Structures are given as structure tokens and as C-alpha cells.
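Visitor: Contents are compact mmCIF, N, CA and C atoms; file name my_file-v9.txt:
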```txt
# COMPACT_ATOMS: atom_id res chain seq x y z
N MET A 25 81.78 121.84 36.53
CA MET A 25 81.03 121.59 37.75
C MET A 25 79.55 121.86 37.47
N PRO A 26 78.67 121.02 37.93
CA PRO A 26 77.25 121.25 37.71
C PRO A 26 76.76 122.56 38.33
N VAL A 27 75.78 123.14 37.68
CA VAL A 27 75.14 124.37 38.14
C VAL A 27 73.65 124.11 38.22
N MET A 28 73.03 124.56 39.32
CA MET A 28 71.59 124.37 39.51
C MET A 28 70.93 125.72 39.74
N GLU A 29 69.81 125.93 39.09
CA GLU A 29 68.96 127.07 39.43
C GLU A 29 67.79 126.51 40.22
N ILE A 30 67.48 127.15 41.34
CA ILE A 30 66.38 126.70 42.18
C ILE A 30 65.46 127.88 42.47
N ARG A 31 64.16 127.62 42.39
CA ARG A 31 63.13 128.62 42.72
C ARG A 31 62.13 127.96 43.66
N VAL A 32 61.86 128.63 44.78
CA VAL A 32 60.85 128.13 45.70
C VAL A 32 59.72 129.13 45.77
N THR A 33 58.50 128.62 45.74
CA THR A 33 57.32 129.45 45.84
C THR A 33 56.42 128.89 46.94
N PRO A 34 56.39 129.59 48.10
CA PRO A 34 55.47 129.15 49.14
C PRO A 34 54.03 129.45 48.72
N VAL A 35 53.14 128.54 49.00
CA VAL A 35 51.74 128.68 48.62
C VAL A 35 50.88 128.62 49.89
N GLY A 36 49.87 129.47 49.95
CA GLY A 36 48.94 129.43 51.07
C GLY A 36 49.39 130.22 52.28
N THR A 37 50.34 131.12 52.08
CA THR A 37 50.80 131.95 53.20
C THR A 37 49.93 133.20 53.28
N GLU A 38 50.03 133.92 54.38
CA GLU A 38 49.19 135.11 54.58
C GLU A 38 49.65 136.31 53.76
N SER A 39 50.88 136.28 53.25
CA SER A 39 51.44 137.42 52.54
C SER A 39 51.83 137.03 51.12
N ALA A 40 51.76 138.01 50.23
CA ALA A 40 52.21 137.78 48.86
C ALA A 40 53.74 137.78 48.79
N SER A 41 54.39 138.35 49.78
CA SER A 41 55.85 138.41 49.83
C SER A 41 56.41 137.09 50.32
N PHE A 42 57.53 136.66 49.73
CA PHE A 42 58.17 135.47 50.26
C PHE A 42 59.67 135.64 50.39
N SER A 43 60.13 136.89 50.55
CA SER A 43 61.56 137.14 50.72
C SER A 43 62.12 136.49 51.98
N SER A 44 61.32 136.38 53.03
CA SER A 44 61.82 135.74 54.26
C SER A 44 62.09 134.25 54.01
N TYR A 45 61.29 133.61 53.17
CA TYR A 45 61.51 132.21 52.84
C TYR A 45 62.79 132.05 52.00
N VAL A 46 62.97 132.98 51.06
CA VAL A 46 64.17 132.94 50.22
C VAL A 46 65.41 133.19 51.06
N THR A 47 65.30 134.09 52.04
CA THR A 47 66.43 134.34 52.94
C THR A 47 66.84 133.07 53.66
N GLU A 48 65.87 132.34 54.18
CA GLU A 48 66.18 131.08 54.87
C GLU A 48 66.74 130.04 53.90
N ALA A 49 66.25 130.04 52.68
CA ALA A 49 66.78 129.12 51.67
C ALA A 49 68.26 129.44 51.40
N CYS A 50 68.58 130.73 51.30
CA CYS A 50 69.98 131.13 51.09
C CYS A 50 70.85 130.73 52.27
N ARG A 51 70.32 130.84 53.46
CA ARG A 51 71.08 130.41 54.64
C ARG A 51 71.37 128.91 54.59
N ALA A 52 70.42 128.14 54.09
CA ALA A 52 70.63 126.70 53.96
C ALA A 52 71.74 126.41 52.93
N ILE A 53 71.78 127.18 51.86
CA ILE A 53 72.82 127.01 50.84
C ILE A 53 74.18 127.39 51.43
N GLU A 54 74.20 128.50 52.16
CA GLU A 54 75.45 128.93 52.80
C GLU A 54 75.94 127.87 53.79
N ALA A 55 75.03 127.30 54.57
CA ALA A 55 75.41 126.28 55.55
C ALA A 55 76.01 125.05 54.86
N ALA A 56 75.59 124.80 53.63
CA ALA A 56 76.15 123.67 52.87
C ALA A 56 77.52 124.01 52.29
N GLY A 57 77.90 125.29 52.38
CA GLY A 57 79.21 125.71 51.88
C GLY A 57 79.30 125.83 50.38
N LEU A 58 78.15 126.01 49.71
CA LEU A 58 78.14 126.09 48.26
C LEU A 58 78.15 127.54 47.78
N LYS A 59 78.75 127.76 46.63
CA LYS A 59 78.78 129.07 46.01
C LYS A 59 77.44 129.28 45.32
N TYR A 60 76.88 130.51 45.44
CA TYR A 60 75.59 130.76 44.80
C TYR A 60 75.46 132.22 44.40
N ASP A 61 74.57 132.46 43.45
CA ASP A 61 74.18 133.80 43.00
C ASP A 61 72.69 133.92 43.21
N LEU A 62 72.29 134.93 43.94
CA LEU A 62 70.88 135.24 44.15
C LEU A 62 70.44 136.20 43.06
N THR A 63 69.38 135.85 42.33
CA THR A 63 68.83 136.73 41.31
C THR A 63 67.42 137.13 41.71
N ALA A 64 66.80 137.95 40.91
CA ALA A 64 65.45 138.43 41.22
C ALA A 64 64.42 137.31 41.17
N THR A 65 64.68 136.27 40.39
CA THR A 65 63.66 135.24 40.21
C THR A 65 64.12 133.83 40.55
N GLY A 66 65.31 133.69 41.08
CA GLY A 66 65.80 132.37 41.44
C GLY A 66 67.20 132.47 42.01
N THR A 67 67.74 131.34 42.38
CA THR A 67 69.08 131.27 42.94
C THR A 67 69.86 130.22 42.18
N VAL A 68 71.05 130.59 41.73
CA VAL A 68 71.92 129.69 40.99
C VAL A 68 72.99 129.18 41.95
N VAL A 69 73.15 127.87 42.01
CA VAL A 69 74.06 127.24 42.96
C VAL A 69 75.04 126.36 42.18
N GLU A 70 76.29 126.37 42.62
CA GLU A 70 77.33 125.57 41.96
C GLU A 70 77.86 124.54 42.95
N GLY A 71 77.99 123.30 42.49
CA GLY A 71 78.52 122.25 43.35
C GLY A 71 78.46 120.91 42.66
N ASN A 72 78.93 119.87 43.33
CA ASN A 72 78.82 118.56 42.70
C ASN A 72 77.35 118.11 42.76
N ARG A 73 77.03 117.14 41.93
CA ARG A 73 75.63 116.72 41.78
C ARG A 73 75.00 116.30 43.11
N ALA A 74 75.71 115.53 43.90
CA ALA A 74 75.15 115.08 45.18
C ALA A 74 74.86 116.25 46.11
N ASP A 75 75.77 117.22 46.17
CA ASP A 75 75.55 118.39 47.02
C ASP A 75 74.38 119.24 46.53
N LEU A 76 74.23 119.33 45.21
CA LEU A 76 73.12 120.12 44.66
C LEU A 76 71.77 119.49 45.01
N PHE A 77 71.67 118.18 44.85
CA PHE A 77 70.41 117.52 45.20
C PHE A 77 70.13 117.60 46.70
N ALA A 78 71.18 117.48 47.50
CA ALA A 78 71.00 117.57 48.95
C ALA A 78 70.54 118.97 49.36
N VAL A 79 71.14 120.00 48.78
CA VAL A 79 70.75 121.36 49.16
C VAL A 79 69.36 121.69 48.61
N ALA A 80 68.99 121.15 47.46
CA ALA A 80 67.63 121.36 46.94
C ALA A 80 66.61 120.78 47.90
N GLN A 81 66.88 119.60 48.42
CA GLN A 81 65.98 118.98 49.39
C GLN A 81 65.91 119.82 50.66
N LYS A 82 67.05 120.34 51.10
CA LYS A 82 67.08 121.16 52.32
C LYS A 82 66.32 122.47 52.11
N VAL A 83 66.51 123.12 50.97
CA VAL A 83 65.81 124.38 50.67
C VAL A 83 64.30 124.15 50.64
N HIS A 84 63.87 123.10 49.97
CA HIS A 84 62.45 122.77 49.88
C HIS A 84 61.87 122.57 51.29
N GLY A 85 62.55 121.79 52.10
CA GLY A 85 62.08 121.52 53.46
C GLY A 85 62.10 122.75 54.34
N THR A 86 63.06 123.64 54.12
CA THR A 86 63.15 124.87 54.91
C THR A 86 61.90 125.72 54.76
N VAL A 87 61.38 125.80 53.55
CA VAL A 87 60.16 126.60 53.31
C VAL A 87 58.99 126.00 54.07
N LEU A 88 58.85 124.69 54.04
CA LEU A 88 57.78 124.03 54.79
C LEU A 88 57.97 124.19 56.29
N ASP A 89 59.22 124.07 56.73
CA ASP A 89 59.52 124.21 58.16
C ASP A 89 59.21 125.62 58.68
N ARG A 90 59.28 126.60 57.80
CA ARG A 90 58.98 127.99 58.19
C ARG A 90 57.47 128.26 58.23
N GLY A 91 56.67 127.25 57.94
CA GLY A 91 55.23 127.41 58.11
C GLY A 91 54.41 127.46 56.85
N ALA A 92 55.02 127.43 55.69
CA ALA A 92 54.22 127.41 54.46
C ALA A 92 53.47 126.09 54.39
N PRO A 93 52.16 126.11 54.15
CA PRO A 93 51.42 124.86 54.08
C PRO A 93 51.71 124.07 52.80
N ARG A 94 52.29 124.77 51.82
CA ARG A 94 52.58 124.13 50.54
C ARG A 94 53.75 124.88 49.90
N VAL A 95 54.58 124.17 49.16
CA VAL A 95 55.68 124.82 48.45
C VAL A 95 55.84 124.18 47.08
N VAL A 96 56.08 125.03 46.10
CA VAL A 96 56.41 124.56 44.76
C VAL A 96 57.89 124.89 44.54
N THR A 97 58.69 123.86 44.28
CA THR A 97 60.12 124.04 44.07
C THR A 97 60.46 123.60 42.66
N GLU A 98 61.12 124.48 41.94
CA GLU A 98 61.55 124.18 40.58
C GLU A 98 63.07 124.17 40.56
N ILE A 99 63.66 123.13 39.98
CA ILE A 99 65.10 123.09 39.83
C ILE A 99 65.47 122.77 38.38
N THR A 100 66.55 123.38 37.95
CA THR A 100 67.15 123.10 36.65
C THR A 100 68.62 122.84 36.90
N ILE A 101 69.12 121.73 36.40
CA ILE A 101 70.53 121.41 36.59
C ILE A 101 71.20 121.33 35.21
N ASP A 102 72.32 122.04 35.09
CA ASP A 102 73.13 122.04 33.88
C ASP A 102 74.47 121.41 34.22
N GLU A 103 74.75 120.28 33.60
CA GLU A 103 76.01 119.58 33.89
C GLU A 103 76.69 119.21 32.58
N ARG A 104 77.91 119.68 32.40
CA ARG A 104 78.70 119.36 31.21
C ARG A 104 79.78 118.37 31.58
N ARG A 105 80.05 117.46 30.67
CA ARG A 105 81.14 116.51 30.90
C ARG A 105 82.26 116.68 29.87
N ASP A 106 82.00 117.48 28.84
CA ASP A 106 83.01 117.63 27.79
C ASP A 106 84.11 118.61 28.16
N ARG A 107 83.84 119.54 29.10
CA ARG A 107 84.85 120.48 29.56
C ARG A 107 84.38 121.11 30.86
N PRO A 108 85.32 121.56 31.68
CA PRO A 108 84.91 122.17 32.95
C PRO A 108 84.31 123.56 32.73
N VAL A 109 83.23 123.83 33.43
CA VAL A 109 82.60 125.16 33.41
C VAL A 109 82.15 125.49 34.82
N ASP A 110 81.92 126.78 35.05
CA ASP A 110 81.35 127.22 36.30
C ASP A 110 80.40 128.38 36.00
N MET A 111 79.78 128.94 37.03
CA MET A 111 78.79 130.00 36.82
C MET A 111 79.38 131.17 36.05
N GLU A 112 80.59 131.57 36.42
CA GLU A 112 81.20 132.74 35.80
C GLU A 112 81.49 132.52 34.32
N THR A 113 82.06 131.36 33.98
CA THR A 113 82.39 131.12 32.58
C THR A 113 81.14 130.99 31.72
N MET A 114 80.06 130.49 32.30
CA MET A 114 78.80 130.39 31.55
C MET A 114 78.27 131.78 31.20
N VAL A 115 78.33 132.70 32.15
CA VAL A 115 77.86 134.07 31.91
C VAL A 115 78.82 134.80 30.97
N GLU A 116 80.12 134.64 31.19
CA GLU A 116 81.11 135.30 30.35
C GLU A 116 80.98 134.88 28.89
N ALA A 117 80.65 133.62 28.63
CA ALA A 117 80.50 133.15 27.26
C ALA A 117 79.43 133.91 26.52
N VAL A 118 78.38 134.31 27.22
CA VAL A 118 77.31 135.10 26.60
C VAL A 118 77.72 136.56 26.50
N GLN A 119 78.28 137.09 27.59
CA GLN A 119 78.65 138.51 27.59
C GLN A 119 79.68 138.83 26.51
N GLU A 120 80.59 137.91 26.21
CA GLU A 120 81.59 138.14 25.16
C GLU A 120 80.94 138.33 23.79
N ARG A 121 79.76 137.78 23.62
CA ARG A 121 79.08 137.87 22.34
C ARG A 121 78.19 139.12 22.23
N LEU A 122 78.00 139.83 23.33
CA LEU A 122 77.17 141.02 23.35
C LEU A 122 77.98 142.24 22.93
N PRO A 123 77.34 143.23 22.27
CA PRO A 123 78.04 144.48 22.00
C PRO A 123 78.46 145.13 23.33
N ALA A 124 79.49 145.96 23.30
CA ALA A 124 80.04 146.57 24.51
C ALA A 124 78.97 147.26 25.34
N ALA A 125 78.05 147.99 24.71
CA ALA A 125 77.01 148.71 25.46
C ALA A 125 76.10 147.72 26.20
N ARG A 126 75.77 146.63 25.57
CA ARG A 126 74.92 145.62 26.21
C ARG A 126 75.68 144.93 27.35
N ARG A 127 77.00 144.73 27.17
CA ARG A 127 77.81 144.11 28.21
C ARG A 127 77.80 144.95 29.48
N GLN A 128 77.85 146.27 29.33
CA GLN A 128 77.83 147.14 30.50
C GLN A 128 76.50 147.02 31.22
N GLN A 129 75.40 146.94 30.47
CA GLN A 129 74.09 146.73 31.10
C GLN A 129 74.06 145.39 31.81
N ALA A 130 74.63 144.38 31.22
CA ALA A 130 74.62 143.04 31.80
C ALA A 130 75.50 142.97 33.04
N ASP A 131 76.38 143.94 33.22
CA ASP A 131 77.24 143.94 34.40
C ASP A 131 76.49 144.22 35.68
N VAL A 132 75.20 144.58 35.58
CA VAL A 132 74.38 144.69 36.79
C VAL A 132 74.14 143.26 37.22
N SER A 133 75.05 142.77 38.03
CA SER A 133 75.08 141.35 38.34
C SER A 133 74.23 141.01 39.54
N PRO A 134 73.90 139.74 39.65
CA PRO A 134 73.16 139.28 40.82
C PRO A 134 74.04 139.40 42.06
N VAL A 135 73.47 139.14 43.18
CA VAL A 135 74.21 139.14 44.43
C VAL A 135 75.04 137.87 44.47
N ARG A 136 76.36 138.01 44.55
CA ARG A 136 77.25 136.86 44.50
C ARG A 136 77.74 136.48 45.88
N HIS A 137 77.75 135.20 46.14
CA HIS A 137 78.19 134.69 47.43
C HIS A 137 79.24 133.62 47.18
N PRO A 138 80.50 133.90 47.55
CA PRO A 138 81.54 132.89 47.33
C PRO A 138 81.33 131.67 48.20
N GLN A 139 81.93 130.60 47.76
CA GLN A 139 81.83 129.35 48.52
C GLN A 139 82.45 129.57 49.90
N ALA A 140 81.80 129.03 50.89
CA ALA A 140 82.31 129.13 52.25
C ALA A 140 83.64 128.38 52.34
N GLU A 141 84.56 128.94 53.09
CA GLU A 141 85.89 128.31 53.20
C GLU A 141 86.00 127.52 54.47
```
Could you write out this file's structure as C-alpha cells?
Guide:
Amino acid sequence: MPVMEIRVTPVGTESASFSSYVTEACRAIEAAGLKYDLTATGTVVEGNRADLFAVAQKVHGTVLDRGAPRVVTEITIDERRDRPVDMETMVEAVQERLPAARRQQADVSPVRHPQAE
């Protein structure tokens, strides 16, 4: 299943903080019923390609709708066709290669949100 990382940066707002914009972006992802992981610097979303592009458009628009005069949205999409993968298996593939001590450090995981049922 394709995985997308999305980062939104509101520009021209009165505050250097943009957690309220990210909160609304996460609500838009939840409303779409997609599974996502919130990290310190972006949000990773899992879904079919059409749903990912639709939610990216919604997230981008949400920031503008909240009053930001400008927004920079960055997306990265990883899609494999040779075998099925998801967010968890992608992370596990790396963690399996790390020494045990590093794996424990890596277990400080992002905030995980299961797909809405």
C-alpha cells in the first residue's frame, strides 16, 4: 500500500508555532479514515494513491482555510508494486538491522493513529 509523508508549513502567520494547523491537518486525515503516524517533523499516511492525493489536497487547503496567507506543502509518496508493504513493515525492516540497544531507542515511536473503522 502506498505511504505518503506530508509536511505543511504556514507562512506569514503571527506566530512561529504552527501546531494548531497541524492539528487541523490531522483531523482532515482522520476524517478521510486513513491510518497515520504523527512525527515531530511530518505526518506519514497510508492509503491508496487516490486517497493520498485527495487528503494531501485537503490538508493543504485546511491550512489556508485556517487563515494562513501562504502555505508550503511537501509530500513524498513511496509506492511498491513488487510486494505489499505498510508503514509498520517499512520501519521493522530497518529496526531488524539495528543492534538491540539502538532498537530500544528507536522504539520511541511517533504517535500512531489506526485507520478509522
Visitor: Taking 6 positions as the minimum chain separation for residues in the same chain, which residues sit within 6 Å of Val68 in chain A when counting only N, CA and C atoms? Answer as an NGL selection string.
Guide: :A and (28-30 or 59-62)
Visitor: If you keep N, CA and C atoms, can you produce a file of those selected residues as an mmCIF file, in the coordinates of the input?
Guide:
```cif
data_model
loop_
_atom_site.group_PDB
_atom_site.id
_atom_site.type_symbol
_atom_site.label_atom_id
_atom_site.label_comp_id
_atom_site.auth_asym_id
_atom_site.auth_seq_id
_atom_site.Cartn_x
_atom_site.Cartn_y
_atom_site.Cartn_z
ATOM 1 N N MET A 28 73.030 124.560 39.320
ATOM 2 C CA MET A 28 71.590 124.370 39.510
ATOM 3 C C MET A 28 70.930 125.720 39.740
ATOM 4 N N GLU A 29 69.810 125.930 39.090
ATOM 5 C CA GLU A 29 68.960 127.070 39.430
ATOM 6 C C GLU A 29 67.790 126.510 40.220
ATOM 7 N N ILE A 30 67.480 127.150 41.340
ATOM 8 C CA ILE A 30 66.380 126.700 42.180
ATOM 9 C C ILE A 30 65.460 127.880 42.470
ATOM 10 N N LYS A 59 78.750 127.760 46.630
ATOM 11 C CA LYS A 59 78.780 129.070 46.010
ATOM 12 C C LYS A 59 77.440 129.280 45.320
ATOM 13 N N TYR A 60 76.880 130.510 45.440
ATOM 14 C CA TYR A 60 75.590 130.760 44.800
ATOM 15 C C TYR A 60 75.460 132.220 44.400
ATOM 16 N N ASP A 61 74.570 132.460 43.450
ATOM 17 C CA ASP A 61 74.180 133.800 43.000
ATOM 18 C C ASP A 61 72.690 133.920 43.210
ATOM 19 N N LEU A 62 72.290 134.930 43.940
ATOM 20 C CA LEU A 62 70.880 135.240 44.150
ATOM 21 C C LEU A 62 70.440 136.200 43.060
#
```
Visitor: List as a PDB file with N, CA and C atoms, in the frame of the given file: which residues have an atom within 8 Å of (58.1, 123.6, 49.7), counting only C-alpha atoms?
Guide:
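part_8.pdb, written as the output of this step:
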```pdb
ATOM      1  N   VAL A  32      61.860 128.630  44.780  1.00  0.00           N
ATOM      2  CA  VAL A  32      60.850 128.130  45.700  1.00  0.00           C
ATOM      3  C   VAL A  32      59.720 129.130  45.770  1.00  0.00           C
ATOM      4  N   THR A  33      58.500 128.620  45.740  1.00  0.00           N
ATOM      5  CA  THR A  33      57.320 129.450  45.840  1.00  0.00           C
ATOM      6  C   THR A  33      56.420 128.890  46.940  1.00  0.00           C
ATOM      7  N   PRO A  34      56.390 129.590  48.100  1.00  0.00           N
ATOM      8  CA  PRO A  34      55.470 129.150  49.140  1.00  0.00           C
ATOM      9  C   PRO A  34      54.030 129.450  48.720  1.00  0.00           C
ATOM     10  N   VAL A  83      66.510 123.120  50.970  1.00  0.00           N
ATOM     11  CA  VAL A  83      65.810 124.380  50.670  1.00  0.00           C
ATOM     12  C   VAL A  83      64.300 124.150  50.640  1.00  0.00           C
ATOM     13  N   HIS A  84      63.870 123.100  49.970  1.00  0.00           N
ATOM     14  CA  HIS A  84      62.450 122.770  49.880  1.00  0.00           C
ATOM     15  C   HIS A  84      61.870 122.570  51.290  1.00  0.00           C
ATOM     16  N   GLY A  85      62.550 121.790  52.100  1.00  0.00           N
ATOM     17  CA  GLY A  85      62.080 121.520  53.460  1.00  0.00           C
ATOM     18  C   GLY A  85      62.100 122.750  54.340  1.00  0.00           C
ATOM     19  N   THR A  86      63.060 123.640  54.120  1.00  0.00           N
ATOM     20  CA  THR A  86      63.150 124.870  54.910  1.00  0.00           C
ATOM     21  C   THR A  86      61.900 125.720  54.760  1.00  0.00           C
ATOM     22  N   VAL A  87      61.380 125.800  53.550  1.00  0.00           N
ATOM     23  CA  VAL A  87      60.160 126.600  53.310  1.00  0.00           C
ATOM     24  C   VAL A  87      58.990 126.000  54.070  1.00  0.00           C
ATOM     25  N   LEU A  88      58.850 124.690  54.040  1.00  0.00           N
ATOM     26  CA  LEU A  88      57.780 124.030  54.790  1.00  0.00           C
ATOM     27  C   LEU A  88      57.970 124.190  56.290  1.00  0.00           C
ATOM     28  N   ALA A  92      55.020 127.430  55.690  1.00  0.00           N
ATOM     29  CA  ALA A  92      54.220 127.410  54.460  1.00  0.00           C
ATOM     30  C   ALA A  92      53.470 126.090  54.390  1.00  0.00           C
ATOM     31  N   ARG A  94      52.290 124.770  51.820  1.00  0.00           N
ATOM     32  CA  ARG A  94      52.580 124.130  50.540  1.00  0.00           C
ATOM     33  C   ARG A  94      53.750 124.880  49.900  1.00  0.00           C
ATOM     34  N   VAL A  95      54.580 124.170  49.160  1.00  0.00           N
ATOM     35  CA  VAL A  95      55.680 124.820  48.450  1.00  0.00           C
ATOM     36  C   VAL A  95      55.840 124.180  47.080  1.00  0.00           C
ATOM     37  N   VAL A  96      56.080 125.030  46.100  1.00  0.00           N
ATOM     38  CA  VAL A  96      56.410 124.560  44.760  1.00  0.00           C
ATOM     39  C   VAL A  96      57.890 124.890  44.540  1.00  0.00           C
ATOM     40  N   THR A  97      58.690 123.860  44.280  1.00  0.00           N
ATOM     41  CA  THR A  97      60.120 124.040  44.070  1.00  0.00           C
ATOM     42  C   THR A  97      60.460 123.600  42.660  1.00  0.00           C
TER      43      THR A  97
END
```
Visitor: Contacts of Asp110 in chain A at 8 Å or less, counting all atoms listed in the file, minus same-chain residues fewer than 6 places along, as a ChimeraX atom specification?
Guide: /A:25-27,70,116
Visitor: Assign secondary structure with DSSP using the backbone only, and return the residues of range 32-118 of chain A in strand (DSSP E or B) as a PyMOL selection string.
Guide: chain A and resi 32-35+59-62+67-70+94-102
Visitor: List every residue of chain A that DSSP, applied to the backbone of this structure, assigns to alpha helix (DSSP H), and report them as a PyMOL selection string.
Guide: chain A and resi 43-55+73-89+111-119+124-130
Visitor: Please indicate the distance in Å from atom C of Glu98 in chain A to atom N of Arg31 in chain A, rounded to one decimal place.
Guide: 4.1 Å
